[in-house]
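Notes follow once the structure below has been shown.
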Amino acid sequence: MENNSYNYFMGSVIPLKKEIDNSYLSLKNLVGSKLDSVTQLIKYKLASEIDLIHKMTDYHLKSGGKRIRPLLTLASAKLCGYNEGSRDINLAACVELIHNATLLHDDVIDNSDLRRGIKTTNYVWGNQSSILVGDYLFSRCFEMMVEDGSQEILKLLSSTSSRIAQGEVLQLEYKGEVDLLEETYFNIINMKTAALFAAATRVGACLGNKSKKEKEALESYGKNIGLAFQIADDALDYFSSKNVFGKEIGKDFYEGKTTLPLIIIFQRGNEEERIFLKEIFKKKKRNEDDFSETLALINKYKAVDASFKRAEYFVNVSYDALGTFQHSKEKEILQNLTEFSLNRSF
């Protein structure tokens, strides 16, 4: 598979083709009105007599997002021939609830005040309420998983929730350590991000009662698209604009998160540059000058470029993982989506 739909320009990757975002629209069109049904089910399941829960969940869900994980569950189920009943809608909603619960907790841990361009729930209502409402989302999700009745899926999604929590703790343990090993970084994003993508797609194969080989193929597809997605996200933090991407440039940097672009400049930098990076990451708060100097190193060592090349490897593995399935419209759309994970403009 060739990835020639982006240009490297001054160490940045600029999305060129409308087809990239169209691959996401094709995915949405593939599942039709089912994504709306997922949204409606989530609203119904989160309904509460507690006024604050109602306000906070409503506010959080209205902030939008790509809904990429539930879309992957719905599309994977369709690829695997599931077309009876509404278990796919129920389980896609579970996947999205797990994701949103982790976002609520993430924003507290990161002390974030913006997500997708609007004020975070914790900024508006405070950390305590956000943690508790995140827990509420998890508990509702587990009720829905039990209702589904599949031991296999219950085990898969509950162990995935556990992996995500462990990834969060691992990231927190290494916060501010700019000399982070690449292996540790990949462990973190594997648990924090790729695990839920992998579960989202494997659920589809479980619903279609597919063989172990096909379940593992879809899991590999999801895991690798998730890794590419997160690496691209981390790289975009060093050149994207808030207007294009819905997040402020340098957010990870100011929060003291060591991501792949930083690991690369630490590996490639000289002794003086390494000392500089260690010093600024020891600080409780980094300023705009720190960011500008770090950005200069990012450009000097083409760290964004190098990060996208690493992500491209996972895109190719993801694309190839679906080779075990016969040609179909569903397979083609899912394979085209691998480019979106790398080159999306939103």
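Simple scheme: letters A, B, ... for chains in structure tokens order, numbers from 1 for residues in each chain, numbers from 1 for ligands in the order shown.
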Within 6 Å of range 226-241 of chain A: each range 275-325 of chain A residue with its shortest pair, only C-alpha atoms, as CSV:
residue,atom,partner,partner_atom,distance
A:Val304,CA,A:Ala235,CA,5.4
A:Ala311,CA,A:Ala228,CA,4.5
A:Phe314,CA,A:Ala228,CA,5.6
key: Residue set, range 169-316 of chain A restricted to helix (DSSP H, G or I), as number ranges by chain   = A: 169-173, 182-207, 212-236, 242-245, 251-254, 260-268, 271-282, 288-300, 303-316
inquiry  = Could you list, as JSON, numbers by chain, every residue within 12 Å of range 323-329 of chain A, counting only C-alpha atoms and ignoring same-chain residues fewer than 4 positions away?
reply    = {"A": [1, 26, 27, 29, 30, 31, 75, 76, 78, 79, 80, 81, 205, 210, 211, 212, 213, 214, 215, 216, 217, 218, 220, 221, 316, 317, 318, 319, 333, 334, 335, 336]}
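Comparing the minimum interatomic distances between Glu147 in chain A and each of A:Leu91, A:Leu207, A:Ile189, A:Leu262, counting only C-alpha atoms, we find that A:Leu91 sits nearest.
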Counting only C-alpha atoms, the residue of A:Lys119, A:Asp58, A:Leu154, A:Ser161 that sits nearest Ala101 in chain A = A:Ser161
request  = Identify which of the residues A:Glu339, A:Asp135, A:Glu96, A:Glu182 lies closest to Ile265 in chain A, counting only C-alpha atoms when measuring atom-to-atom distances.
outcome  = A:Glu182
remark   = Residue with the minimum atom-to-atom distance to Ile188 in chain A, picked from A:Leu260, A:Val146, A:Val133, A:Ala77 with only C-alpha atoms counted, is A:Leu260
task = Could you give me, as a PyMOL selection string, the residues within 9 Å of Met144 in chain A, counting only C-alpha atoms and dropping anything in the same chain fewer than 2 positions from it?
result = chain A and resi 45+90-91+93-94+139-142+146-148
C-alpha atoms of the current selection, written as a PDB file, in the first residue's frame:
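Once written, out13.pdb looks like this:
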ATOM      1  CA  LYS A  45     -28.924   5.218  29.176  1.00  0.00           C
ATOM      2  CA  ASN A  90     -25.678  -1.447  22.101  1.00  0.00           C
ATOM      3  CA  LEU A  91     -22.003  -2.464  22.029  1.00  0.00           C
ATOM      4  CA  ALA A  93     -22.543   2.680  22.628  1.00  0.00           C
ATOM      5  CA  CYS A  94     -20.542   0.764  25.276  1.00  0.00           C
ATOM      6  CA  SER A 139     -21.082   1.925  35.553  1.00  0.00           C
ATOM      7  CA  ARG A 140     -23.817   2.487  32.945  1.00  0.00           C
ATOM      8  CA  CYS A 141     -21.575   0.932  30.324  1.00  0.00           C
ATOM      9  CA  PHE A 142     -21.026  -2.212  32.406  1.00  0.00           C
ATOM     10  CA  VAL A 146     -24.130  -7.424  31.089  1.00  0.00           C
ATOM     11  CA  GLU A 147     -27.457  -6.909  29.274  1.00  0.00           C
ATOM     12  CA  ASP A 148     -25.810  -7.997  26.028  1.00  0.00           C
TER      13      ASP A 148
END
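Taking only C-alpha atoms into account, Asn22 in chain A lies nearest to A:Leu337 out of the set A:Val95, A:Leu337, A:Leu114, A:Val108.
What separates CA of Gly85 in chain A from CA of His99 in chain A is a distance of 23.8 Å.
Distance annotation: of A:Ile68, A:Leu172, A:Gln166, A:Met56, the residue with the minimal separation from Gly126 in chain A is A:Met56; atom set is only C-alpha atoms.
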message = So that I can see what lies close to Ile153 in chain A, please list as a PyMOL selection string the residues with an atom at most 9 Å from it, counting only C-alpha atoms and leaving out residues fewer than 2 positions away in the same chain.
response = chain A and resi 91+145+148-151+155-158+199+202-203+206-207
